[in-house]
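As provided, start09.cif (mmCIF, C-alpha atoms) reads as follows.
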data_input
loop_
_atom_site.label_atom_id
_atom_site.label_comp_id
_atom_site.auth_asym_id
_atom_site.auth_seq_id
_atom_site.Cartn_x
_atom_site.Cartn_y
_atom_site.Cartn_z
CA MET A 1 2.19 -10.55 14.08
CA GLU A 2 3.95 -10.73 17.48
CA LYS A 3 3.29 -9.26 20.84
CA MET A 4 5.98 -9.95 23.39
CA ARG A 5 3.59 -11.02 26.09
CA PRO A 6 2.49 -14.61 26.79
CA VAL A 7 -1.16 -13.80 27.39
CA GLN A 8 -3.38 -11.68 25.11
CA LEU A 9 -6.82 -13.19 25.56
CA VAL A 10 -7.24 -12.54 29.28
CA LYS A 11 -7.43 -9.25 31.12
CA SER A 12 -4.90 -10.40 33.70
CA VAL A 13 -3.27 -13.43 35.20
CA LEU A 14 -3.30 -13.51 38.98
CA VAL A 15 -0.71 -15.68 40.70
CA ALA A 16 -2.38 -17.22 43.74
CA LEU A 17 0.88 -18.61 45.09
CA ALA A 18 3.52 -16.00 44.53
CA LEU A 19 6.36 -18.51 44.77
CA VAL A 20 5.26 -21.96 43.71
CA ALA A 21 8.93 -22.80 43.63
CA CYS A 22 8.75 -22.99 47.41
CA ALA A 23 5.41 -24.79 47.65
CA PRO A 24 5.18 -28.37 48.91
CA GLU A 25 4.35 -31.23 46.56
CA GLY A 26 0.90 -31.17 45.02
CA GLU A 27 0.41 -27.44 45.56
CA GLY A 28 0.64 -25.70 42.22
CA SER A 29 -2.72 -24.00 41.97
CA PHE A 30 -3.34 -20.59 40.49
CA ALA A 31 -6.22 -18.29 39.64
CA VAL A 32 -7.05 -16.72 36.29
CA ASP A 33 -9.42 -13.80 35.81
CA ARG A 34 -11.86 -14.96 33.13
CA ALA A 35 -13.64 -11.63 32.77
CA GLY A 36 -14.91 -11.28 29.23
CA LEU A 37 -14.28 -14.97 28.48
CA GLU A 38 -17.65 -16.36 29.47
CA GLY A 39 -18.24 -19.56 27.52
CA ARG A 40 -14.67 -19.51 26.21
CA SER A 41 -12.63 -20.84 29.13
CA ALA A 42 -11.98 -24.32 30.46
CA GLU A 43 -9.95 -26.12 33.08
CA LEU A 44 -8.18 -29.38 32.29
CA VAL A 45 -8.12 -31.38 35.53
CA PHE A 46 -5.62 -34.24 35.94
CA THR A 47 -6.41 -36.10 39.17
CA ALA A 48 -4.25 -38.25 41.44
CA ASP A 49 -5.99 -41.48 40.27
CA HIS A 50 -4.83 -40.81 36.69
CA GLN A 51 -8.15 -39.55 35.44
CA GLN A 52 -8.69 -36.35 33.50
CA ARG A 53 -11.71 -34.21 32.77
CA VAL A 54 -12.63 -30.90 31.17
CA GLU A 55 -14.52 -28.32 33.18
CA GLY A 56 -15.90 -25.62 30.92
CA THR A 57 -15.65 -25.31 27.14
CA LEU A 58 -12.60 -25.71 24.95
CA VAL A 59 -13.30 -23.27 22.15
CA ALA A 60 -11.05 -21.47 19.66
CA GLY A 61 -10.30 -17.94 20.80
CA GLY A 62 -10.56 -18.87 24.47
CA ILE A 63 -8.18 -20.18 27.11
CA ALA A 64 -7.54 -23.37 29.07
CA THR A 65 -5.85 -23.70 32.43
CA ILE A 66 -4.36 -26.88 33.84
CA SER A 67 -4.93 -28.30 37.30
CA TYR A 68 -2.39 -31.08 37.77
CA ASP A 69 -2.01 -33.26 40.86
CA ALA A 70 1.74 -33.70 41.25
CA SER A 71 1.25 -37.10 42.88
CA ARG A 72 0.55 -38.47 39.37
CA LEU A 73 4.22 -38.07 38.50
CA THR A 74 6.70 -38.62 41.34
CA THR A 75 9.66 -39.90 39.34
CA CYS A 76 11.88 -36.94 40.12
CA ARG A 77 12.05 -35.38 43.55
CA GLY A 78 14.74 -33.75 45.65
CA GLU A 79 15.59 -30.53 47.43
CA ARG A 80 18.27 -27.87 47.44
CA TYR A 81 18.57 -25.49 50.36
CA GLY A 82 15.23 -26.69 51.67
CA ASN A 83 13.33 -25.91 48.47
CA PRO A 84 12.08 -28.21 45.69
CA ALA A 85 14.74 -28.94 43.08
CA TRP A 86 12.26 -30.48 40.66
CA SER A 87 9.64 -29.21 38.24
CA ILE A 88 6.69 -30.51 36.24
CA TYR A 89 5.84 -28.84 32.94
CA ALA A 90 2.86 -29.45 30.69
CA HIS A 91 3.87 -29.57 27.04
CA TYR A 92 1.13 -29.02 24.49
CA ARG A 93 0.45 -28.44 20.84
CA ILE A 94 -2.65 -27.47 18.93
CA ALA A 95 -3.62 -29.05 15.59
CA GLY A 96 -0.14 -30.49 15.17
CA GLY A 97 1.54 -27.10 15.49
CA ASP A 98 4.49 -25.92 17.53
CA VAL A 99 5.12 -27.44 20.96
CA ARG A 100 4.77 -25.01 23.88
CA SER A 101 5.04 -25.46 27.62
CA VAL A 102 3.55 -24.17 30.88
CA HIS A 103 4.67 -24.80 34.45
CA VAL A 104 2.26 -26.86 36.60
CA ALA A 105 4.16 -27.95 39.76
CA GLY A 106 7.44 -27.75 41.65
CA HIS A 107 10.16 -25.19 41.12
CA ALA A 108 9.57 -22.38 38.60
CA PRO A 109 12.44 -20.18 37.39
CA ALA A 110 10.35 -17.04 37.91
CA PRO A 111 6.99 -16.28 39.55
CA ASP A 112 5.58 -14.81 36.33
CA GLN A 113 5.88 -18.23 34.70
CA VAL A 114 3.51 -19.82 37.20
CA GLY A 115 -0.04 -20.60 36.19
CA LEU A 116 -0.03 -19.28 32.64
CA PRO A 117 -3.08 -20.37 30.65
CA ILE A 118 -3.03 -22.03 27.26
CA GLU A 119 -4.28 -19.80 24.48
CA LEU A 120 -6.60 -21.83 22.25
CA THR A 121 -5.53 -20.24 19.01
CA GLN A 122 -7.54 -22.46 16.65
CA ALA A 123 -9.99 -25.35 16.48
CA GLY A 124 -8.65 -28.89 16.31
CA GLU A 125 -6.94 -31.40 18.56
CA LEU A 126 -5.15 -30.30 21.72
CA GLU A 127 -2.40 -32.70 22.83
CA VAL A 128 -1.03 -32.45 26.37
CA TRP A 129 1.75 -34.39 28.08
CA PHE A 130 3.81 -33.83 31.22
CA GLU A 131 7.50 -33.93 31.98
CA ASN A 132 9.04 -34.19 35.46
CA THR A 133 12.69 -33.14 35.76
CA SER A 134 15.08 -32.34 38.58
CA SER A 135 18.36 -30.49 38.96
CA PHE A 136 19.98 -33.90 39.52
CA GLY A 137 19.38 -35.03 35.92
CA CYS A 138 16.23 -37.09 36.51
CA GLN A 139 13.43 -37.21 33.91
CA GLY A 140 9.94 -38.77 33.97
CA TRP A 141 6.81 -38.61 31.82
CA ASP A 142 3.03 -38.67 32.07
CA SER A 143 1.99 -39.00 28.43
CA ALA A 144 -0.63 -41.78 28.22
CA PHE A 145 2.25 -44.16 27.36
CA GLY A 146 3.44 -41.94 24.55
CA ALA A 147 0.03 -41.34 22.98
CA ASN A 148 -0.46 -38.00 24.81
CA HIS A 149 -3.67 -36.80 26.44
CA ARG A 150 -5.97 -35.53 23.71
CA PHE A 151 -8.85 -33.06 23.76
CA THR A 152 -10.96 -31.38 21.08
CA ILE A 153 -11.06 -27.61 20.68
CA GLU A 154 -14.37 -26.54 19.17
CA ALA A 155 -14.62 -23.88 16.50
CA ALA A 156 -15.82 -20.55 17.83
CA GLN A 157 -19.39 -19.70 17.03
CA THR A 158 -19.54 -16.84 14.58
CA ASP A 159 -21.94 -14.12 15.61
CA GLU A 160 -24.55 -13.34 13.00
CA ALA A 161 -23.69 -9.98 11.46
CA PRO A 162 -26.27 -7.34 12.44
CA ILE A 163 -28.50 -5.87 9.72
CA ALA A 164 -31.08 -3.08 9.93
CA ARG A 165 -33.45 -3.37 6.97
CA PHE A 166 -35.64 -0.54 5.73
CA ALA A 167 -37.93 -2.11 3.12
CA ALA A 168 -39.96 -0.22 0.53
CA GLY A 169 -43.16 -0.74 2.51
CA GLY A 170 -41.87 1.21 5.51
CA GLY A 171 -40.76 0.37 9.04
CA ILE A 172 -37.56 -1.24 10.22
CA SER A 173 -36.50 -4.84 10.93
CA VAL A 174 -33.30 -5.77 12.76
CA SER A 175 -31.53 -9.12 12.76
CA GLY A 176 -28.21 -10.50 13.97
CA ASP A 177 -26.04 -9.78 16.98
CA VAL A 178 -26.39 -6.03 17.50
CA ARG A 179 -23.58 -5.32 19.93
CA GLN A 180 -20.84 -2.83 20.48
CA SER A 181 -17.74 -3.66 18.39
CA ALA A 182 -19.86 -5.15 15.58
CA ARG A 183 -20.42 -3.52 12.19
CA LEU A 184 -24.04 -2.80 11.35
CA THR A 185 -25.21 -3.11 7.75
CA ILE A 186 -27.95 -0.63 6.87
CA GLU A 187 -30.06 -1.88 3.96
CA TYR A 188 -32.26 0.90 2.62
CA ASP A 189 -34.73 0.67 -0.27
CA VAL A 190 -34.53 4.11 -1.86
CA ALA A 191 -38.13 3.70 -3.09
CA ARG A 192 -39.07 4.85 0.43
CA LEU A 193 -37.87 8.37 -0.49
CA PRO A 194 -38.78 9.01 -4.15
CA GLN A 195 -39.29 12.78 -3.90
CA CYS A 196 -35.95 14.19 -5.04
CA ARG A 197 -34.96 12.65 -8.35
CA ASP A 198 -33.08 15.46 -10.04
CA THR A 199 -31.03 14.79 -13.15
CA ARG A 200 -28.11 16.63 -14.70
CA TYR A 201 -26.83 15.99 -18.22
CA GLY A 202 -29.20 13.05 -18.38
CA LEU A 203 -27.71 11.40 -15.30
CA PRO A 204 -29.11 10.96 -11.76
CA ALA A 205 -28.23 13.95 -9.56
CA TRP A 206 -29.63 12.89 -6.19
CA SER A 207 -28.51 10.95 -3.13
CA VAL A 208 -29.86 9.35 0.04
CA LEU A 209 -27.96 9.67 3.32
CA ALA A 210 -28.40 7.65 6.50
CA HIS A 211 -27.85 9.97 9.47
CA TYR A 212 -26.98 8.47 12.86
CA ARG A 213 -26.66 9.59 16.46
CA PHE A 214 -25.03 7.57 19.27
CA PRO A 215 -25.99 7.99 22.96
CA SER A 216 -22.95 10.22 23.57
CA GLY A 217 -24.29 12.68 20.98
CA ARG A 218 -21.81 11.65 18.30
CA THR A 219 -23.45 12.15 14.91
CA GLY A 220 -22.58 11.51 11.29
CA TYR A 221 -23.92 10.02 8.10
CA VAL A 222 -23.19 7.34 5.54
CA PRO A 223 -24.51 7.28 1.94
CA VAL A 224 -27.09 4.60 1.14
CA THR A 225 -27.90 5.68 -2.41
CA SER A 226 -26.61 2.31 -3.64
CA GLY A 227 -29.00 0.53 -1.24
CA SER A 228 -26.69 -0.24 1.68
CA ALA A 229 -23.90 1.04 3.89
CA THR A 230 -22.08 -0.07 7.04
CA LEU A 231 -21.67 1.61 10.41
CA ASP A 232 -19.26 0.68 13.20
CA LEU A 233 -21.14 0.29 16.49
CA VAL A 234 -18.64 2.14 18.62
CA GLU A 235 -21.05 2.76 21.50
CA SER A 236 -23.69 0.75 23.34
CA GLY A 237 -27.17 2.02 24.06
CA GLU A 238 -29.80 3.44 21.76
CA LEU A 239 -28.66 4.25 18.24
CA GLN A 240 -30.88 6.66 16.28
CA LEU A 241 -31.18 6.51 12.48
CA TRP A 242 -32.97 8.75 9.99
CA PHE A 243 -32.67 9.32 6.26
CA GLU A 244 -32.38 12.32 3.97
CA ASN A 245 -32.99 12.50 0.22
CA GLN A 246 -31.09 15.33 -1.49
CA GLY A 247 -31.45 16.58 -5.05
CA TYR A 248 -28.93 18.61 -7.03
CA TYR A 249 -31.27 21.60 -7.32
CA GLY A 250 -32.01 21.87 -3.60
CA CYS A 251 -34.82 19.33 -3.10
CA ARG A 252 -34.75 17.69 0.36
CA ALA A 253 -37.01 15.00 1.83
CA TRP A 254 -36.87 12.99 5.06
CA ASP A 255 -37.65 9.51 6.32
CA SER A 256 -37.45 9.95 10.09
CA LEU A 257 -40.56 8.38 11.60
CA ASP A 258 -42.12 11.86 11.68
CA GLY A 259 -39.09 13.28 13.45
CA ALA A 260 -38.92 10.61 16.17
CA ASN A 261 -36.13 8.73 14.34
CA TYR A 262 -35.71 4.95 14.11
CA ARG A 263 -34.13 3.30 17.17
CA VAL A 264 -31.76 0.33 17.39
CA VAL A 265 -30.58 -0.97 20.77
CA VAL A 266 -26.88 -1.83 20.81
CA ASP A 267 -25.81 -4.30 23.50
CA ALA A 268 -22.77 -3.43 25.59
CA ASP A 269 -19.42 -5.18 25.24
CA PRO A 270 -17.63 -5.16 28.62
CA ARG A 271 -14.20 -5.04 26.98
CA ALA A 272 -15.01 -2.24 24.53
CA PRO A 273 -13.44 1.20 25.06
CA GLY A 274 -15.69 3.96 26.29
CA TRP A 275 -14.40 6.38 23.65
CA MET A 276 -11.67 6.69 21.06
CA GLY A 277 -10.78 9.43 18.62
CA ASN A 278 -8.71 12.60 18.34
CA ALA A 279 -6.85 10.85 15.54
CA ALA A 280 -4.14 12.92 13.86
CA SER A 281 -0.97 12.68 11.82
CA VAL A 282 2.20 14.62 12.54
CA ILE A 283 5.04 15.12 10.06
CA ASN A 284 7.25 17.93 11.34
CA ARG A 285 10.75 18.86 12.46
CA MET A 286 9.47 20.56 15.60
CA THR A 287 9.08 18.65 18.87
CA CYS A 288 7.49 19.61 22.17
CA ASP A 289 8.35 17.84 25.45
CA GLY A 290 9.90 14.96 23.56
CA GLY A 291 6.89 14.40 21.35
CA PRO A 292 4.77 16.05 18.69
CA CYS A 293 3.57 19.62 19.09
CA ASP A 294 -0.18 20.10 19.19
CA SER A 295 0.14 22.79 16.53
CA SER A 296 1.55 20.18 14.13
CA ARG A 297 -1.41 17.81 14.36
CA VAL A 298 -3.48 17.27 11.20
CA ALA A 299 -6.81 15.44 11.42
CA LEU A 300 -6.32 11.91 10.16
CA GLU A 301 -9.38 12.17 7.93
CA ASN A 302 -7.50 14.76 5.84
CA GLY A 303 -4.88 12.20 4.84
CA TRP A 304 -1.11 12.66 4.80
CA THR A 305 1.89 12.23 2.51
CA TYR A 306 5.07 10.61 3.78
CA GLY A 307 7.56 11.85 1.21
CA THR A 308 11.23 12.74 1.00
CA TYR A 309 10.82 15.56 3.56
CA ALA A 310 9.47 13.06 6.10
CA ARG A 311 12.20 10.55 5.28
CA GLN A 312 15.10 12.98 5.44
CA ARG A 313 14.21 15.89 7.72
CA ALA A 314 11.13 15.35 9.90
CA ALA A 315 11.79 14.50 13.54
CA ILE A 316 8.19 13.37 14.10
CA ARG A 317 6.43 11.25 11.48
CA ALA A 318 3.71 9.28 13.16
CA ILE A 319 -0.03 8.77 13.69
CA TYR A 320 -1.67 9.35 17.08
CA PHE A 321 -5.08 8.64 18.56
CA ASP A 322 -6.60 8.58 22.04
CA VAL A 323 -8.57 5.92 23.90
CA TRP A 324 -10.59 6.25 27.08
CA LYS A 325 -11.99 3.45 29.21
CA ALA A 326 -13.11 4.04 32.78
CA GLY A 327 -10.91 2.31 35.32
CA VAL A 328 -8.32 1.43 32.68
CA THR A 329 -6.83 4.56 31.10
CA ASP A 330 -7.42 7.10 33.88
CA PHE A 331 -4.38 6.12 35.97
CA ASP A 332 -0.83 4.88 35.40
CA ASN A 333 -1.94 1.35 34.55
CA ALA A 334 0.95 -1.13 34.34
CA ASN A 335 -1.49 -3.70 32.93
CA LEU A 336 -2.67 -1.46 30.09
CA TRP A 337 -1.07 -3.73 27.47
CA ALA A 338 -3.42 -6.54 28.53
CA ASP A 339 -6.52 -4.43 29.18
CA LEU A 340 -6.45 -2.77 25.75
CA ASP A 341 -5.60 -4.80 22.65
CA VAL A 342 -4.72 -2.05 20.14
CA GLN A 343 -3.97 -2.98 16.54
CA VAL A 344 -3.64 -1.39 13.12
CA HIS A 345 -4.90 -3.21 10.04
CA TYR A 346 -3.44 -2.08 6.72
CA ARG A 347 -2.92 -2.99 3.09
CA TRP A 348 -1.04 -1.46 0.18
CA ARG A 349 -3.38 -2.65 -2.56
CA SER A 350 -6.99 -1.65 -3.11
CA THR A 351 -8.06 -5.27 -2.69
CA GLY A 352 -6.77 -8.24 -0.76
CA ALA A 353 -6.15 -9.15 2.86
CA PHE A 354 -5.13 -6.66 5.54
CA GLN A 355 -1.92 -7.09 7.49
CA THR A 356 -2.03 -6.52 11.24
CA ARG A 357 0.43 -5.26 13.82
CA TYR A 358 0.17 -3.94 17.36
CA VAL A 359 0.22 -0.22 18.15
CA ARG A 360 2.35 1.00 21.04
CA PHE A 361 1.19 3.09 23.98
CA PHE A 362 2.72 6.59 23.83
CA ARG A 363 1.64 8.45 26.96
CA ARG A 364 -1.33 9.42 29.12
CA VAL A 365 -3.16 12.59 28.14
CA GLY A 366 -5.52 13.48 30.98
CA ASN A 367 -7.70 10.39 31.46
CA ASP A 368 -6.97 9.07 27.96
CA ALA A 369 -4.29 6.71 26.70
CA ARG A 370 -2.57 8.06 23.60
CA TYR A 371 -1.22 5.57 21.08
CA GLU A 372 1.49 6.13 18.48
CA LEU A 373 2.07 4.42 15.13
CA PRO A 374 5.30 5.48 13.41
CA MET A 375 4.49 5.74 9.70
CA ALA A 376 7.71 3.93 8.83
CA GLU A 377 6.22 0.74 10.28
CA ILE A 378 3.65 0.56 7.47
CA ASP A 379 5.83 1.99 4.68
CA PRO A 380 5.65 -0.19 1.54
CA LEU A 381 8.50 1.71 -0.10
CA ALA A 382 11.03 0.93 2.62
CA GLY A 383 13.77 -1.42 1.53
CA PRO A 384 16.96 -1.41 -0.54
CA TYR A 385 18.02 2.08 -1.55
CA THR A 386 17.67 1.32 -5.28
CA ARG A 387 15.79 -1.76 -6.48
CA THR A 388 17.80 -3.74 -8.99
CA ASP A 389 15.55 -6.79 -9.33
CA PRO A 390 11.73 -7.16 -9.54
CA SER A 391 11.84 -9.48 -6.53
CA GLN A 392 12.73 -6.41 -4.43
CA CYS A 393 9.59 -4.51 -5.46
CA PRO A 394 6.92 -3.80 -2.83
CA ASP A 395 3.56 -5.59 -2.90
CA ALA A 396 1.75 -2.31 -3.52
CA ASP A 397 -0.18 -0.42 -6.18
CA LEU A 398 2.61 1.85 -7.42
CA ARG A 399 2.06 4.92 -9.56
CA VAL A 400 4.03 7.89 -10.75
CA SER A 401 3.29 10.74 -8.35
CA GLY A 402 1.25 13.70 -9.49
CA ASP A 403 4.28 15.97 -9.12
CA PRO A 404 4.86 17.77 -12.49
CA SER A 405 8.46 16.60 -12.56
CA GLY A 406 7.43 12.95 -12.66
CA ALA A 407 10.39 12.26 -10.40
CA TYR A 408 8.50 10.50 -7.62
CA VAL A 409 6.68 7.21 -7.13
CA ALA A 410 3.71 6.94 -4.75
CA ALA A 411 1.71 4.18 -3.09
CA ASN A 412 -1.34 4.47 -0.86
CA VAL A 413 -1.90 2.63 2.39
CA GLU A 414 -5.46 1.89 3.49
CA TYR A 415 -5.76 1.35 7.23
CA TYR A 416 -7.94 1.39 10.32
CA PHE A 417 -7.46 0.65 14.03
CA THR A 418 -9.16 -1.67 16.51
CA VAL A 419 -9.22 -1.44 20.29
CA ASN A 420 -10.48 -4.65 21.87
CA GLY A 421 -12.19 -5.37 18.57
CA VAL A 422 -13.93 -2.00 18.22
CA ALA A 423 -12.93 -0.25 14.98
CA LEU A 424 -11.72 3.32 14.62
CA ARG A 425 -12.31 4.61 11.09
CA ARG A 426 -13.33 7.90 9.51
CA THR A 427 -16.63 9.35 10.67
CA ASP A 428 -18.26 8.18 7.41
CA GLY A 429 -17.19 4.58 8.13
CA VAL A 430 -14.52 4.54 5.43
CA ASN A 431 -10.97 3.40 6.20
CA PHE A 432 -8.19 5.98 6.51
CA ILE A 433 -5.85 6.58 3.58
CA GLY A 434 -2.23 7.75 3.62
CA THR A 435 0.32 8.17 0.84
CA PHE A 436 3.98 7.19 0.73
CA GLU A 437 6.35 8.74 -1.81
CA ASP A 438 9.99 8.24 -2.78
CA TYR A 439 12.32 8.95 -5.67
CA ARG A 440 11.26 7.30 -8.91
CA SER A 441 14.87 6.47 -9.74
CA GLN A 442 14.95 4.05 -6.79
CA LEU A 443 11.85 2.14 -7.95
CA GLU A 444 12.01 2.48 -11.74
CA ILE A 445 12.28 -1.27 -12.24
CA CYS A 446 9.04 -1.74 -10.30
CA LEU A 447 7.10 0.41 -12.79
CA GLN A 448 8.01 -1.72 -15.81
#

For the file at hand, write its structure as structure tokens.
Amino acid sequence: MEKMRPVQLVKSVLVALALVACAPEGEGSFAVDRAGLEGRSAELVFTADHQQRVEGTLVAGGIATISYDASRLTTCRGERYGNPAWSIYAHYRIAGGDVRSVHVAGHAPAPDQVGLPIELTQAGELEVWFENTSSFGCQGWDSAFGANHRFTIEAAQTDEAPIARFAAGGGISVSGDVRQSARLTIEYDVARLPQCRDTRYGLPAWSVLAHYRFPSGRTGYVPVTSGSATLDLVESGELQLWFENQGYYGCRAWDSLDGANYRVVVDADPRAPGWMGNAASVINRMTCDGGPCDSSRVALENGWTYGTYARQRAAIRAIYFDVWKAGVTDFDNANLWADLDVQVHYRWRSTGAFQTRYVRFFRRVGNDARYELPMAEIDPLAGPYTRTDPSQCPDADLRVSGDPSGAYVAANVEYYFTVNGVALRRTDGVNFIGTFEDYRSQLEICLQ
């Protein structure tokens, strides 16, 4: 998974000295906006007397900035045209991984390279060492005599998953970190609603639904007949829950605290979007203003099939959804890529890990940001025109399509989106499903 930007974990990087390349020795300071990173940011301070200290917390998933006194390393100095012709870079690696570098003093090739933070991608040992170079071929080191300066990155604390329990005896108990962007588990003992127990052909013919209402008025339900269900906490504020027992022959009963409903307070997440939705697929030859026509949109919950028509004739074959966040999406925001971290998570098998990739911004629609995911980017059937070896087969659950001719092969993709960690799924909490199809003759070897 790549995103061609150096910083993903901070809302923005503010350059306090626009041209450090022209700053005198020892002046290489910068400022970083740590909004949303409380408890997950640190500053590594390297002082003139060759001491170092950590201010803040080095924790996986956070950031670290470096404050380096250039008088520690004066091996290479010199000027060209009245400006410094030397640089100091901090090299670092995390848990023995790849070596990366950030500028800390002297000349920088470009202002946007000044003051970049270190992304603490995982727990383990952080090694840091410094190199001083000049345009005259000089080189010097500050590396604790080759041992490197070493710090420990702590593992991020995992929030306790929130659970709302409705035991047989009545009432509600809530545990865990109930916050926006989390996924709430609703545990419901169906013995609380024993009224409607219809049977049909000797089998149970009844169900229990958990209805919900968010502060915005958004409503829906998830089935809890099995005893539990999950609900994405897409909004902060007071979440209302109530339960309905339905029987096949029309019986209905309620568990709703006598109509007052059960209440769960969801804490706000400052980085969470205010709203997201209007999700649709478009597979069509028609275009409008360089994009999809509104008349071609199909609600994403209805599914879609990316077949030979889409591959050969459709001009638009993509998924779209809208995001709104006050002060972020309601103007032409050049920093939108950093303010909203938008990803799709998908898999081609019914079990196993999800793959992840970033979703591109498409255009503004009123005060919303519309995002576009071309279906081809998650197509498991893409590849050589005709597979001639099993090693070329996709890692997907393949099947012969339901077409009567039997001439097509199909594979489903299960997927959902996240915006700053808040999930966008179907209204019933289930992931979206799409279907890819292609000629069976091209994948016959993969069916054997």

Original post:
the PyMOL selection byres ((chain A and resi 310) around 10) on the file shown: which residues, as a VMD selection string?
Top reply: chain A and resid 282 to 285 305 to 309 311 to 318 375 to 376 436 to 437

Okay, now the selection with C-alpha atoms, as a short mmCIF file (atom, residue, chain, number, x, y, z; two decimals), keeping the file's coordinate frame?
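File written: part23.cif
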data_model
loop_
_atom_site.label_atom_id
_atom_site.label_comp_id
_atom_site.auth_asym_id
_atom_site.auth_seq_id
_atom_site.Cartn_x
_atom_site.Cartn_y
_atom_site.Cartn_z
CA VAL A 282 2.20 14.62 12.54
CA ILE A 283 5.04 15.12 10.06
CA ASN A 284 7.25 17.93 11.34
CA ARG A 285 10.75 18.86 12.46
CA THR A 305 1.89 12.23 2.51
CA TYR A 306 5.07 10.61 3.78
CA GLY A 307 7.56 11.85 1.21
CA THR A 308 11.23 12.74 1.00
CA TYR A 309 10.82 15.56 3.56
CA ARG A 311 12.20 10.55 5.28
CA GLN A 312 15.10 12.98 5.44
CA ARG A 313 14.21 15.89 7.72
CA ALA A 314 11.13 15.35 9.90
CA ALA A 315 11.79 14.50 13.54
CA ILE A 316 8.19 13.37 14.10
CA ARG A 317 6.43 11.25 11.48
CA ALA A 318 3.71 9.28 13.16
CA MET A 375 4.49 5.74 9.70
CA ALA A 376 7.71 3.93 8.83
CA PHE A 436 3.98 7.19 0.73
CA GLU A 437 6.35 8.74 -1.81
#

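Distances from A:Ser281, A:Ser101, A:Ser441, A:Thr185 to A:Thr386 were compared using all atoms listed in the file, and the smallest one belongs to A:Ser441.
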
**OP:** Give me the result of the PyMOL selection byres ((chain A and resi 243) around 9) on this file, residue by residue, as a PyMOL selection string.
**Re:** chain A and resi 193+208-212+221+224+241-242+244-245+253-256+261

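With the shown file loaded, the PyMOL selection byres ((chain A and resi 56-65) around 6) picks out Arg40, Ser41, Ala42, Glu43, Glu55, Ile66, Pro117, Ile118, Glu119, Leu120, Thr121, Gln122, Ala123, Ile153, Glu154, Ala155 and Ala156 of chain A.
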
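Counting all atoms listed in the file and comparing A:Ala280, A:Val359, A:Ala411, A:Ala369, the residue that lies closest to A:Trp324 is A:Ala369.
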
Subject >> Selection near A:Asn412, 9 Å with all atoms listed in the file, sequence-local residues under 2 positions removed, as a PyMOL selection string >> reply: chain A and resi 347-350+380+396-398+410+414+433-437

Subject >> Pick from A:Val222, A:Ala144, A:Ala407, A:Val174 nearest to A:Phe46, counting only C-alpha atoms >> reply: A:Ala144

Subject >> Minimum-distance residue to A:Pro270, chosen among A:Ala164, A:Val422, A:Ile172, A:Val365 (using only C-alpha atoms) >> reply: A:Val422
